[in-house]
>>> print(open('structure-v3.txt').read())   # compact mmCIF, C-alpha atoms
# COMPACT_ATOMS: atom_id res chain seq x y z
CA MET A 1 -14.94 20.60 2.52
CA ALA A 2 -16.79 17.31 2.21
CA HIS A 3 -20.57 17.32 2.66
CA ILE A 4 -20.28 14.93 5.63
CA ASN A 5 -17.84 14.58 8.53
CA VAL A 6 -15.07 12.39 7.08
CA PRO A 7 -11.38 12.25 8.18
CA GLU A 8 -9.76 15.56 7.18
CA GLY A 9 -7.00 15.73 4.60
CA VAL A 10 -7.64 12.18 3.34
CA PRO A 11 -8.28 12.40 -0.41
CA GLY A 12 -11.22 11.09 -2.42
CA ILE A 13 -12.83 7.72 -1.86
CA ARG A 14 -10.39 6.80 0.94
CA SER A 15 -12.00 9.33 3.28
CA LEU A 16 -15.48 7.97 2.46
CA VAL A 17 -14.65 4.31 3.02
CA MET A 18 -13.02 5.21 6.34
CA PHE A 19 -16.35 6.82 7.32
CA ARG A 20 -18.28 3.68 6.31
CA PRO A 21 -16.03 0.61 5.99
CA GLU A 22 -19.02 -1.79 5.91
CA THR A 23 -19.79 -0.61 2.36
CA GLY A 24 -16.20 0.46 1.56
CA LYS A 25 -15.06 -3.14 1.91
CA TYR A 26 -17.09 -4.25 -1.13
CA LEU A 27 -16.19 -1.15 -3.15
CA TYR A 28 -12.49 -1.95 -2.75
CA GLU A 29 -12.93 -5.69 -3.32
CA LEU A 30 -14.86 -5.00 -6.53
CA ALA A 31 -12.09 -2.65 -7.78
CA GLN A 32 -9.45 -5.23 -6.89
CA VAL A 33 -11.05 -8.12 -8.82
CA LEU A 34 -12.04 -5.93 -11.80
CA LEU A 35 -8.77 -4.02 -12.16
CA ARG A 36 -6.18 -6.43 -10.70
CA GLY A 37 -7.79 -9.87 -10.99
CA GLU A 38 -7.01 -12.43 -13.69
CA SER A 39 -7.90 -11.04 -17.15
CA THR A 40 -6.82 -11.04 -20.79
CA LEU A 41 -6.91 -7.23 -20.61
CA SER A 42 -3.74 -5.86 -19.02
CA GLU A 43 -3.97 -3.96 -15.74
CA ALA A 44 -2.86 -0.83 -17.64
CA GLU A 45 -5.68 -1.27 -20.18
CA ARG A 46 -8.26 -1.67 -17.43
CA GLU A 47 -7.00 1.44 -15.60
CA LEU A 48 -7.22 3.28 -18.93
CA ILE A 49 -10.92 2.37 -19.23
CA ALA A 50 -11.43 3.60 -15.64
CA ALA A 51 -9.63 6.90 -16.35
CA HIS A 52 -11.53 7.41 -19.63
CA VAL A 53 -14.93 6.97 -17.96
CA SER A 54 -13.92 9.17 -14.99
CA SER A 55 -12.83 11.88 -17.41
CA ARG A 56 -16.21 11.73 -19.17
CA ASN A 57 -17.92 11.95 -15.76
CA GLN A 58 -15.79 15.04 -14.98
CA CYS A 59 -14.48 13.40 -11.81
CA PHE A 60 -11.07 15.03 -11.41
CA PHE A 61 -10.01 12.85 -8.47
CA CYS A 62 -10.75 9.48 -10.12
CA MET A 63 -9.54 10.61 -13.55
CA SER A 64 -6.22 11.88 -12.16
CA SER A 65 -5.57 8.93 -9.86
CA HIS A 66 -6.51 6.17 -12.34
CA ALA A 67 -4.62 7.92 -15.15
CA ALA A 68 -1.58 7.97 -12.83
CA ALA A 69 -2.04 4.26 -12.06
CA ALA A 70 -2.33 3.52 -15.81
CA ARG A 71 0.86 5.53 -16.59
CA CYS A 72 2.68 3.65 -13.86
CA LEU A 73 1.50 0.26 -15.22
CA TYR A 74 2.28 1.12 -18.87
CA GLY A 75 5.79 2.15 -17.81
CA ASP A 76 7.86 5.14 -18.93
CA GLU A 77 8.06 4.09 -22.59
CA GLU A 78 4.27 3.96 -23.08
CA ALA A 79 2.94 6.31 -20.40
CA LEU A 80 1.91 8.92 -22.99
CA ILE A 81 -0.73 6.51 -24.36
CA VAL A 82 -2.86 7.49 -21.35
CA ASP A 83 -2.80 11.20 -22.17
CA GLU A 84 -3.49 10.52 -25.84
CA VAL A 85 -6.54 8.39 -24.99
CA LEU A 86 -7.87 11.01 -22.58
CA HIS A 87 -7.41 13.63 -25.32
CA ASP A 88 -8.80 11.70 -28.31
CA VAL A 89 -9.61 7.96 -28.25
CA GLN A 90 -10.05 7.54 -32.01
CA ASN A 91 -6.55 8.81 -32.84
CA ALA A 92 -4.74 7.36 -29.82
CA PRO A 93 -2.01 4.72 -30.34
CA VAL A 94 -3.99 1.76 -28.98
CA SER A 95 -5.19 -1.43 -30.72
CA ASP A 96 -8.47 -1.57 -32.64
CA LYS A 97 -9.80 -3.86 -29.89
CA MET A 98 -9.01 -1.27 -27.19
CA LYS A 99 -10.59 1.49 -29.31
CA ALA A 100 -13.76 -0.60 -29.65
CA LEU A 101 -13.81 -1.34 -25.90
CA LEU A 102 -13.20 2.32 -25.01
CA ASN A 103 -16.06 3.22 -27.37
CA ILE A 104 -18.35 0.81 -25.48
CA ALA A 105 -17.18 2.20 -22.12
CA GLY A 106 -18.02 5.70 -23.38
CA LYS A 107 -21.52 4.57 -24.36
CA VAL A 108 -22.03 2.98 -20.92
CA GLN A 109 -20.98 6.30 -19.35
CA ILE A 110 -23.94 7.97 -21.08
CA LEU A 111 -26.46 5.20 -20.32
CA GLY A 112 -26.58 1.40 -20.61
CA LYS A 113 -29.04 1.46 -23.50
CA GLU A 114 -26.58 3.44 -25.61
CA VAL A 115 -24.49 0.30 -26.24
CA SER A 116 -25.71 -1.00 -29.63
CA PRO A 117 -25.38 -4.43 -31.26
CA GLU A 118 -23.11 -2.67 -33.80
CA ASP A 119 -20.74 -1.53 -31.01
CA ILE A 120 -20.54 -5.15 -29.83
CA THR A 121 -20.06 -6.51 -33.37
CA MET A 122 -17.23 -4.06 -33.98
CA ALA A 123 -15.47 -5.08 -30.75
CA ARG A 124 -15.86 -8.79 -31.56
CA ALA A 125 -14.48 -8.23 -35.08
CA ALA A 126 -11.41 -6.69 -33.43
CA GLY A 127 -11.01 -9.80 -31.25
CA ALA A 128 -12.89 -8.95 -28.03
CA THR A 129 -14.21 -11.96 -26.07
CA ASP A 130 -17.42 -12.20 -24.02
CA ARG A 131 -15.42 -11.88 -20.82
CA GLU A 132 -13.66 -8.73 -22.13
CA LEU A 133 -16.99 -7.23 -23.18
CA HIS A 134 -18.49 -8.06 -19.78
CA ASP A 135 -15.59 -6.60 -17.85
CA THR A 136 -15.44 -3.45 -19.98
CA VAL A 137 -19.14 -2.76 -19.36
CA LEU A 138 -18.80 -3.48 -15.64
CA ILE A 139 -15.64 -1.36 -15.21
CA ALA A 140 -17.39 1.53 -16.99
CA ALA A 141 -20.56 1.06 -14.92
CA ALA A 142 -18.57 0.77 -11.67
CA PHE A 143 -16.78 4.05 -12.38
CA CYS A 144 -20.14 5.71 -12.96
CA MET A 145 -20.68 4.72 -9.30
CA TYR A 146 -17.23 5.57 -7.87
CA ASN A 147 -17.20 8.96 -9.64
CA ARG A 148 -20.63 9.91 -8.28
CA TYR A 149 -19.74 8.69 -4.79
CA VAL A 150 -16.54 10.75 -4.67
CA ASP A 151 -18.06 13.95 -6.12
CA GLY A 152 -21.58 13.54 -4.69
CA LEU A 153 -20.14 13.82 -1.17
CA ALA A 154 -17.60 16.49 -2.24
CA SER A 155 -14.64 14.51 -0.91
CA PHE A 156 -11.21 16.17 -0.75
CA THR A 157 -9.65 16.45 -4.24
CA PRO A 158 -5.93 17.37 -4.26
CA THR A 159 -4.94 19.82 -7.00
CA ASP A 160 -1.17 19.15 -6.87
CA PRO A 161 -0.30 16.73 -9.74
CA GLU A 162 2.52 15.24 -7.61
CA ALA A 163 -0.05 13.88 -5.16
CA TYR A 164 -1.51 11.73 -7.95
CA VAL A 165 1.88 10.35 -9.05
CA GLU A 166 2.35 8.86 -5.56
CA MET A 167 -1.27 7.68 -5.48
CA GLY A 168 -0.85 6.00 -8.87
CA LYS A 169 2.19 4.08 -7.63
CA ARG A 170 0.27 2.82 -4.60
CA MET A 171 -2.82 1.93 -6.67
CA ALA A 172 -0.68 0.03 -9.20
CA LYS A 173 0.07 -2.43 -6.38
CA GLY A 174 -3.61 -3.09 -5.70
CA TYR A 175 -6.69 -1.87 -3.84
CA VAL A 176 -6.61 -2.38 -0.08
CA LEU A 177 -9.19 -0.85 2.26
CA PRO A 178 -7.47 1.86 4.35
CA GLN A 179 -7.57 1.38 8.10
CA GLN A 180 -9.87 3.61 10.14
CA GLN A 181 -8.07 6.43 11.92
CA MET B 1 -30.96 -11.23 -26.56
CA ALA B 2 -28.09 -10.26 -24.29
CA HIS B 3 -24.88 -8.94 -25.86
CA ILE B 4 -22.89 -11.84 -24.33
CA ASN B 5 -23.58 -15.54 -23.79
CA VAL B 6 -25.38 -15.60 -20.41
CA PRO B 7 -27.87 -18.24 -19.10
CA GLU B 8 -31.04 -17.95 -21.21
CA GLY B 9 -34.34 -16.88 -19.67
CA VAL B 10 -32.70 -15.63 -16.46
CA PRO B 11 -33.74 -12.00 -16.01
CA GLY B 12 -31.56 -8.92 -15.49
CA ILE B 13 -28.53 -8.83 -13.26
CA ARG B 14 -28.99 -12.47 -12.16
CA SER B 15 -27.93 -13.72 -15.60
CA LEU B 16 -24.85 -11.47 -15.53
CA VAL B 17 -23.64 -12.49 -12.07
CA MET B 18 -24.09 -16.15 -13.04
CA PHE B 19 -21.75 -15.46 -15.99
CA ARG B 20 -19.16 -13.83 -13.71
CA PRO B 21 -19.71 -14.69 -10.01
CA GLU B 22 -16.24 -13.35 -9.02
CA THR B 23 -17.53 -9.79 -9.53
CA GLY B 24 -21.20 -10.66 -8.89
CA LYS B 25 -20.38 -11.63 -5.32
CA TYR B 26 -19.42 -8.05 -4.40
CA LEU B 27 -22.31 -6.52 -6.34
CA TYR B 28 -24.76 -8.60 -4.29
CA GLU B 29 -22.96 -8.03 -0.99
CA LEU B 30 -22.95 -4.27 -1.59
CA ALA B 31 -26.70 -4.31 -2.31
CA GLN B 32 -27.33 -6.42 0.79
CA VAL B 33 -25.49 -4.09 3.20
CA LEU B 34 -26.83 -0.89 1.58
CA LEU B 35 -30.47 -1.98 1.23
CA ARG B 36 -30.90 -4.55 4.03
CA GLY B 37 -28.15 -3.69 6.53
CA GLU B 38 -28.68 -1.76 9.77
CA SER B 39 -29.91 1.78 9.02
CA THR B 40 -32.20 4.54 10.30
CA LEU B 41 -33.77 4.57 6.82
CA SER B 42 -36.32 1.78 6.45
CA GLU B 43 -35.74 -0.97 3.88
CA ALA B 44 -38.78 0.36 1.98
CA GLU B 45 -37.29 3.89 1.90
CA ARG B 46 -33.96 2.57 0.58
CA GLU B 47 -35.67 0.51 -2.13
CA LEU B 48 -37.63 3.65 -3.05
CA ILE B 49 -34.36 5.56 -3.60
CA ALA B 50 -33.13 2.64 -5.76
CA ALA B 51 -36.33 2.60 -7.84
CA HIS B 52 -36.30 6.41 -8.24
CA VAL B 53 -32.72 6.44 -9.57
CA SER B 54 -33.39 3.42 -11.83
CA SER B 55 -36.43 5.20 -13.25
CA ARG B 56 -34.32 8.29 -14.00
CA ASN B 57 -31.73 6.04 -15.69
CA GLN B 58 -34.54 4.51 -17.80
CA CYS B 59 -33.62 1.02 -16.58
CA PHE B 60 -36.94 -0.81 -16.82
CA PHE B 61 -35.68 -4.00 -15.16
CA CYS B 62 -34.19 -2.33 -12.05
CA MET B 63 -37.01 0.21 -11.77
CA SER B 64 -39.71 -2.47 -11.95
CA SER B 65 -38.00 -4.93 -9.62
CA HIS B 66 -36.96 -2.41 -6.94
CA ALA B 67 -40.36 -0.69 -7.10
CA ALA B 68 -41.92 -4.14 -6.52
CA ALA B 69 -39.58 -4.76 -3.58
CA ALA B 70 -40.46 -1.33 -2.13
CA ARG B 71 -44.23 -1.98 -2.50
CA CYS B 72 -43.79 -5.33 -0.77
CA LEU B 73 -41.83 -3.72 2.11
CA TYR B 74 -44.26 -0.78 2.51
CA GLY B 75 -47.15 -3.28 2.69
CA ASP B 76 -50.60 -3.09 1.08
CA GLU B 77 -51.70 0.03 2.96
CA GLU B 78 -48.79 2.17 1.75
CA ALA B 79 -47.74 0.50 -1.50
CA LEU B 80 -49.10 3.38 -3.61
CA ILE B 81 -46.41 5.68 -2.16
CA VAL B 82 -43.99 4.01 -4.57
CA ASP B 83 -46.02 4.87 -7.65
CA GLU B 84 -46.58 8.42 -6.44
CA VAL B 85 -42.83 8.96 -5.92
CA LEU B 86 -42.03 7.53 -9.35
CA HIS B 87 -44.64 9.87 -10.84
CA ASP B 88 -43.81 13.09 -8.95
CA VAL B 89 -41.44 13.24 -5.94
CA GLN B 90 -42.36 16.75 -4.84
CA ASN B 91 -46.06 15.97 -4.42
CA ALA B 92 -45.68 12.42 -3.14
CA PRO B 93 -46.89 11.51 0.39
CA VAL B 94 -43.42 11.08 1.92
CA SER B 95 -41.68 13.03 4.71
CA ASP B 96 -39.72 16.23 4.03
CA LYS B 97 -36.58 14.29 4.90
CA MET B 98 -37.33 11.64 2.26
CA LYS B 99 -38.13 14.35 -0.30
CA ALA B 100 -34.76 16.00 0.41
CA LEU B 101 -32.94 12.65 0.16
CA LEU B 102 -34.74 11.74 -3.07
CA ASN B 103 -33.76 15.17 -4.42
CA ILE B 104 -30.09 14.42 -3.61
CA ALA B 105 -30.37 10.96 -5.20
CA GLY B 106 -31.77 12.61 -8.32
CA LYS B 107 -28.81 15.00 -8.45
CA VAL B 108 -26.35 12.11 -8.05
CA GLN B 109 -28.10 10.37 -10.97
CA ILE B 110 -27.15 13.33 -13.19
CA LEU B 111 -23.57 13.67 -11.88
CA GLY B 112 -21.88 13.82 -8.47
CA LYS B 113 -21.05 17.50 -8.78
CA GLU B 114 -24.74 18.38 -9.10
CA VAL B 115 -25.23 17.86 -5.34
CA SER B 116 -24.98 21.37 -3.85
CA PRO B 117 -24.32 22.53 -0.28
CA GLU B 118 -27.92 23.84 -0.35
CA ASP B 119 -29.27 20.35 -1.12
CA ILE B 120 -27.33 19.04 1.89
CA THR B 121 -28.47 21.92 4.14
CA MET B 122 -32.10 21.29 3.21
CA ALA B 123 -31.79 17.57 4.01
CA ARG B 124 -30.11 18.31 7.35
CA ALA B 125 -32.84 20.83 8.23
CA ALA B 126 -35.36 18.04 7.66
CA GLY B 127 -33.45 15.78 10.05
CA ALA B 128 -31.06 13.82 7.81
CA THR B 129 -27.89 12.54 9.50
CA ASP B 130 -24.40 12.16 8.00
CA ARG B 131 -24.92 8.41 7.71
CA GLU B 132 -28.25 8.91 5.91
CA LEU B 133 -26.67 11.43 3.54
CA HIS B 134 -23.77 9.05 2.88
CA ASP B 135 -26.02 6.07 2.24
CA THR B 136 -28.38 8.03 0.00
CA VAL B 137 -25.48 9.19 -2.19
CA LEU B 138 -23.98 5.68 -2.31
CA ILE B 139 -27.32 3.97 -3.07
CA ALA B 140 -27.92 6.45 -5.89
CA ALA B 141 -24.35 6.03 -7.19
CA ALA B 142 -24.56 2.23 -6.94
CA PHE B 143 -27.76 2.17 -9.00
CA CYS B 144 -26.02 4.28 -11.65
CA MET B 145 -23.74 1.22 -11.84
CA TYR B 146 -26.33 -1.57 -11.60
CA ASN B 147 -28.58 0.13 -14.19
CA ARG B 148 -25.73 0.51 -16.69
CA TYR B 149 -24.54 -3.05 -16.09
CA VAL B 150 -28.01 -4.52 -16.73
CA ASP B 151 -28.79 -2.41 -19.81
CA GLY B 152 -25.22 -2.12 -21.14
CA LEU B 153 -25.14 -5.89 -21.67
CA ALA B 154 -28.79 -5.98 -22.81
CA SER B 155 -29.76 -8.58 -20.23
CA PHE B 156 -33.23 -10.19 -20.43
CA THR B 157 -35.95 -7.79 -19.23
CA PRO B 158 -39.37 -9.41 -18.61
CA THR B 159 -42.33 -7.30 -19.77
CA ASP B 160 -45.01 -9.15 -17.75
CA PRO B 161 -45.73 -7.09 -14.58
CA GLU B 162 -46.49 -10.32 -12.65
CA ALA B 163 -42.86 -11.41 -13.02
CA TYR B 164 -41.80 -8.35 -11.00
CA VAL B 165 -44.31 -8.97 -8.21
CA GLU B 166 -42.67 -12.35 -7.52
CA MET B 167 -39.20 -10.84 -7.89
CA GLY B 168 -40.07 -8.07 -5.43
CA LYS B 169 -41.18 -10.63 -2.82
CA ARG B 170 -37.90 -12.52 -3.17
CA MET B 171 -35.82 -9.31 -3.09
CA ALA B 172 -37.64 -8.10 0.04
CA LYS B 173 -36.04 -11.04 1.86
CA GLY B 174 -32.52 -10.03 0.86
CA TYR B 175 -29.90 -10.25 -1.86
CA VAL B 176 -28.27 -13.65 -2.25
CA LEU B 177 -25.99 -14.50 -5.18
CA PRO B 178 -27.79 -17.02 -7.43
CA GLN B 179 -26.02 -20.35 -7.94
CA GLN B 180 -24.42 -21.02 -11.32
CA GLN B 181 -26.47 -23.30 -13.55
>>> encode(input="structure-v3.txt", output="structure tokens")
Amino acid sequence: MAHINVPEGVPGIRSLVMFRPETGKYLYELAQVLLRGESTLSEAERELIAAHVSSRNQCFFCMSSHAAAARCLYGDEEALIVDEVLHDVQNAPVSDKMKALLNIAGKVQILGKEVSPEDITMARAAGATDRELHDTVLIAAAFCMYNRYVDGLASFTPTDPEAYVEMGKRMAKGYVLPQQQ
Amino acid sequence: MAHINVPEGVPGIRSLVMFRPETGKYLYELAQVLLRGESTLSEAERELIAAHVSSRNQCFFCMSSHAAAARCLYGDEEALIVDEVLHDVQNAPVSDKMKALLNIAGKVQILGKEVSPEDITMARAAGATDRELHDTVLIAAAFCMYNRYVDGLASFTPTDPEAYVEMGKRMAKGYVLPQQQ
């Protein structure tokens, strides 16, 4: 049971933003522009960064739902990339640029200061732009917030994998604040 | 020097949101509603939670600026409360409710799952409401984002304490997205 009185049976962050839409509004709008807005990183790649950080923060709800969204966006042919990244970034079948960005996201998950000039140099050498570096750091930082929000209030976390497949399909279409019940 | 090409000499998060106002907009609006919006926690108390979490995340820029804002909002008579909380929460001259909320914020800083039912029970026994519990967790989670954003991109961090006094006065009035240069 959640630590506060949120709508029952509504999973994860949705129950929390229904409790407090005044803040939820900006949380959803930030996710929408970061993960679905115009970018040279694909929506699948950005969801992968979100799932990777959520996995490192041990947030089962966010990891499962954003991994499902990433699988949906990669499509059937490439969906396994997501599981390989969650298992082992360095040996996963992604580009050197994505490996370097995932490495930076992993450093941000520990603490901002962990990102070194060498991490940035390596990402640039693999073709990363300022905007891609910025967005990678902000996606990683934002998931350090979302993960703590969801788990810090002990929101409802479904255990049935099927629940996340449906969630992933909905999330792939975009982030829209749920209506209050 | 910052890891990406942001306006020179502009400190902390301001330089980053000038680089990318599309995301900056929501970061500032979230801070405004959480720290300045209607609440039964005073603005000073909410800034204190922000400074406490930023201190634990070793983010010198956010810790110094939000501590300055909190001192400004507490006023001259009570400004030392801020320094006492940053030094030692348990022995600081704040209410039992604030101690319990700062304890929860400290748990969120580690990881969401660290917040236990006992932490929540203790805060409720000291008078905390659902809305106060929610906002404390979200303020703490949000600063786990802001801190990582500011340090993860190595934004300019002034070392002169006077710079933060001025910043604190401006922040006490509210969070407004800076205009692009």
>>> interface_residues(input="structure-v3.txt", of="chain A", to="chain B", cutoff="9 Å", atoms="all atoms listed in the file", output="PyMOL selection string")
chain A and resi 3-5+16+19-20+22-27+29-30+33-34+57-59+104+107-117+120+129-131+133-134+137-138+140-154
>>> atom_distance(input="structure-v3.txt", atom1="CA of Pro161 (chain A)", atom2="CA of Cys62 (chain A)")
12.7 Å
>>> calpha_fit_and_write(input="structure-v3.txt", fixed="chain B", moving="chain A", output="CSV table (one decimal) with C-alpha atoms, in the frame of the given file")
chain,number,residue,atom,x,y,z
A,1,MET,CA,-31.0,-11.2,-26.6
A,2,ALA,CA,-28.1,-10.3,-24.3
A,3,HIS,CA,-24.9,-9.0,-25.9
A,4,ILE,CA,-22.9,-11.8,-24.3
A,5,ASN,CA,-23.6,-15.5,-23.8
A,6,VAL,CA,-25.4,-15.6,-20.4
A,7,PRO,CA,-27.9,-18.2,-19.1
A,8,GLU,CA,-31.0,-17.9,-21.2
A,9,GLY,CA,-34.3,-16.9,-19.7
A,10,VAL,CA,-32.7,-15.6,-16.5
A,11,PRO,CA,-33.7,-12.0,-16.0
A,12,GLY,CA,-31.6,-8.9,-15.5
A,13,ILE,CA,-28.5,-8.8,-13.3
A,14,ARG,CA,-29.0,-12.5,-12.2
A,15,SER,CA,-27.9,-13.7,-15.6
A,16,LEU,CA,-24.8,-11.5,-15.5
A,17,VAL,CA,-23.6,-12.5,-12.1
A,18,MET,CA,-24.1,-16.2,-13.0
A,19,PHE,CA,-21.7,-15.5,-16.0
A,20,ARG,CA,-19.2,-13.8,-13.7
A,21,PRO,CA,-19.7,-14.7,-10.0
A,22,GLU,CA,-16.2,-13.3,-9.0
A,23,THR,CA,-17.5,-9.8,-9.5
A,24,GLY,CA,-21.2,-10.7,-8.9
A,25,LYS,CA,-20.4,-11.6,-5.3
A,26,TYR,CA,-19.4,-8.1,-4.4
A,27,LEU,CA,-22.3,-6.5,-6.3
A,28,TYR,CA,-24.8,-8.6,-4.3
A,29,GLU,CA,-22.9,-8.0,-1.0
A,30,LEU,CA,-23.0,-4.3,-1.6
A,31,ALA,CA,-26.7,-4.3,-2.3
A,32,GLN,CA,-27.3,-6.4,0.8
A,33,VAL,CA,-25.5,-4.1,3.2
A,34,LEU,CA,-26.8,-0.9,1.6
A,35,LEU,CA,-30.5,-2.0,1.2
A,36,ARG,CA,-30.9,-4.6,4.0
A,37,GLY,CA,-28.2,-3.7,6.5
A,38,GLU,CA,-28.7,-1.8,9.8
A,39,SER,CA,-29.9,1.8,9.0
A,40,THR,CA,-32.2,4.5,10.3
A,41,LEU,CA,-33.8,4.6,6.8
A,42,SER,CA,-36.3,1.8,6.4
A,43,GLU,CA,-35.7,-1.0,3.9
A,44,ALA,CA,-38.8,0.4,2.0
A,45,GLU,CA,-37.3,3.9,1.9
A,46,ARG,CA,-34.0,2.6,0.6
A,47,GLU,CA,-35.7,0.5,-2.1
A,48,LEU,CA,-37.6,3.7,-3.1
A,49,ILE,CA,-34.4,5.6,-3.6
A,50,ALA,CA,-33.1,2.6,-5.8
A,51,ALA,CA,-36.3,2.6,-7.8
A,52,HIS,CA,-36.3,6.4,-8.2
A,53,VAL,CA,-32.7,6.4,-9.6
A,54,SER,CA,-33.4,3.4,-11.8
A,55,SER,CA,-36.4,5.2,-13.3
A,56,ARG,CA,-34.3,8.3,-14.0
A,57,ASN,CA,-31.7,6.0,-15.7
A,58,GLN,CA,-34.5,4.5,-17.8
A,59,CYS,CA,-33.6,1.0,-16.6
A,60,PHE,CA,-36.9,-0.8,-16.8
A,61,PHE,CA,-35.7,-4.0,-15.2
A,62,CYS,CA,-34.2,-2.3,-12.1
A,63,MET,CA,-37.0,0.2,-11.8
A,64,SER,CA,-39.7,-2.5,-12.0
A,65,SER,CA,-38.0,-4.9,-9.6
A,66,HIS,CA,-37.0,-2.4,-6.9
A,67,ALA,CA,-40.4,-0.7,-7.1
A,68,ALA,CA,-41.9,-4.1,-6.5
A,69,ALA,CA,-39.6,-4.8,-3.6
A,70,ALA,CA,-40.5,-1.3,-2.1
A,71,ARG,CA,-44.2,-2.0,-2.5
A,72,CYS,CA,-43.8,-5.3,-0.8
A,73,LEU,CA,-41.8,-3.7,2.1
A,74,TYR,CA,-44.3,-0.8,2.5
A,75,GLY,CA,-47.1,-3.3,2.7
A,76,ASP,CA,-50.6,-3.1,1.1
A,77,GLU,CA,-51.7,0.0,3.0
A,78,GLU,CA,-48.8,2.2,1.8
A,79,ALA,CA,-47.7,0.5,-1.5
A,80,LEU,CA,-49.1,3.4,-3.6
A,81,ILE,CA,-46.4,5.7,-2.1
A,82,VAL,CA,-44.0,4.0,-4.6
A,83,ASP,CA,-46.0,4.9,-7.6
A,84,GLU,CA,-46.6,8.4,-6.4
A,85,VAL,CA,-42.8,9.0,-5.9
A,86,LEU,CA,-42.0,7.5,-9.3
A,87,HIS,CA,-44.6,9.9,-10.8
A,88,ASP,CA,-43.8,13.1,-8.9
A,89,VAL,CA,-41.4,13.2,-5.9
A,90,GLN,CA,-42.3,16.8,-4.8
A,91,ASN,CA,-46.0,16.0,-4.4
A,92,ALA,CA,-45.7,12.4,-3.2
A,93,PRO,CA,-46.9,11.5,0.4
A,94,VAL,CA,-43.4,11.1,1.9
A,95,SER,CA,-41.7,13.0,4.7
A,96,ASP,CA,-39.7,16.2,4.0
A,97,LYS,CA,-36.6,14.3,4.9
A,98,MET,CA,-37.3,11.6,2.3
A,99,LYS,CA,-38.1,14.4,-0.3
A,100,ALA,CA,-34.8,16.0,0.4
A,101,LEU,CA,-32.9,12.7,0.2
A,102,LEU,CA,-34.7,11.7,-3.1
A,103,ASN,CA,-33.8,15.2,-4.4
A,104,ILE,CA,-30.1,14.4,-3.6
A,105,ALA,CA,-30.4,11.0,-5.2
A,106,GLY,CA,-31.8,12.6,-8.3
A,107,LYS,CA,-28.8,15.0,-8.4
A,108,VAL,CA,-26.4,12.1,-8.0
A,109,GLN,CA,-28.1,10.4,-11.0
A,110,ILE,CA,-27.1,13.3,-13.2
A,111,LEU,CA,-23.6,13.7,-11.9
A,112,GLY,CA,-21.9,13.8,-8.5
A,113,LYS,CA,-21.0,17.5,-8.8
A,114,GLU,CA,-24.7,18.4,-9.1
A,115,VAL,CA,-25.2,17.9,-5.3
A,116,SER,CA,-25.0,21.4,-3.9
A,117,PRO,CA,-24.3,22.5,-0.3
A,118,GLU,CA,-27.9,23.8,-0.4
A,119,ASP,CA,-29.3,20.3,-1.1
A,120,ILE,CA,-27.3,19.0,1.9
A,121,THR,CA,-28.5,21.9,4.1
A,122,MET,CA,-32.1,21.3,3.2
A,123,ALA,CA,-31.8,17.6,4.0
A,124,ARG,CA,-30.1,18.3,7.4
A,125,ALA,CA,-32.8,20.8,8.2
A,126,ALA,CA,-35.4,18.1,7.7
A,127,GLY,CA,-33.4,15.8,10.1
A,128,ALA,CA,-31.1,13.8,7.8
A,129,THR,CA,-27.9,12.5,9.5
A,130,ASP,CA,-24.4,12.2,8.0
A,131,ARG,CA,-24.9,8.4,7.7
A,132,GLU,CA,-28.3,8.9,5.9
A,133,LEU,CA,-26.7,11.4,3.5
A,134,HIS,CA,-23.8,9.0,2.9
A,135,ASP,CA,-26.0,6.1,2.2
A,136,THR,CA,-28.4,8.0,0.0
A,137,VAL,CA,-25.5,9.2,-2.2
A,138,LEU,CA,-24.0,5.7,-2.3
A,139,ILE,CA,-27.3,4.0,-3.1
A,140,ALA,CA,-27.9,6.5,-5.9
A,141,ALA,CA,-24.4,6.0,-7.2
A,142,ALA,CA,-24.6,2.2,-6.9
A,143,PHE,CA,-27.8,2.2,-9.0
A,144,CYS,CA,-26.0,4.3,-11.6
A,145,MET,CA,-23.7,1.2,-11.8
A,146,TYR,CA,-26.3,-1.6,-11.6
A,147,ASN,CA,-28.6,0.1,-14.2
A,148,ARG,CA,-25.7,0.5,-16.7
A,149,TYR,CA,-24.5,-3.1,-16.1
A,150,VAL,CA,-28.0,-4.5,-16.7
A,151,ASP,CA,-28.8,-2.4,-19.8
A,152,GLY,CA,-25.2,-2.1,-21.1
A,153,LEU,CA,-25.1,-5.9,-21.7
A,154,ALA,CA,-28.8,-6.0,-22.8
A,155,SER,CA,-29.8,-8.6,-20.2
A,156,PHE,CA,-33.2,-10.2,-20.4
A,157,THR,CA,-35.9,-7.8,-19.2
A,158,PRO,CA,-39.4,-9.4,-18.6
A,159,THR,CA,-42.3,-7.3,-19.8
A,160,ASP,CA,-45.0,-9.2,-17.7
A,161,PRO,CA,-45.7,-7.1,-14.6
A,162,GLU,CA,-46.5,-10.3,-12.7
A,163,ALA,CA,-42.9,-11.4,-13.0
A,164,TYR,CA,-41.8,-8.4,-11.0
A,165,VAL,CA,-44.3,-9.0,-8.2
A,166,GLU,CA,-42.7,-12.4,-7.5
A,167,MET,CA,-39.2,-10.8,-7.9
A,168,GLY,CA,-40.1,-8.1,-5.4
A,169,LYS,CA,-41.2,-10.6,-2.8
A,170,ARG,CA,-37.9,-12.5,-3.2
A,171,MET,CA,-35.8,-9.3,-3.1
A,172,ALA,CA,-37.7,-8.1,0.0
A,173,LYS,CA,-36.1,-11.1,1.9
A,174,GLY,CA,-32.5,-10.0,0.9
A,175,TYR,CA,-29.9,-10.2,-1.9
A,176,VAL,CA,-28.3,-13.7,-2.3
A,177,LEU,CA,-26.0,-14.5,-5.2
A,178,PRO,CA,-27.8,-17.0,-7.4
A,179,GLN,CA,-26.0,-20.3,-7.9
A,180,GLN,CA,-24.4,-21.0,-11.3
A,181,GLN,CA,-26.4,-23.3,-13.5
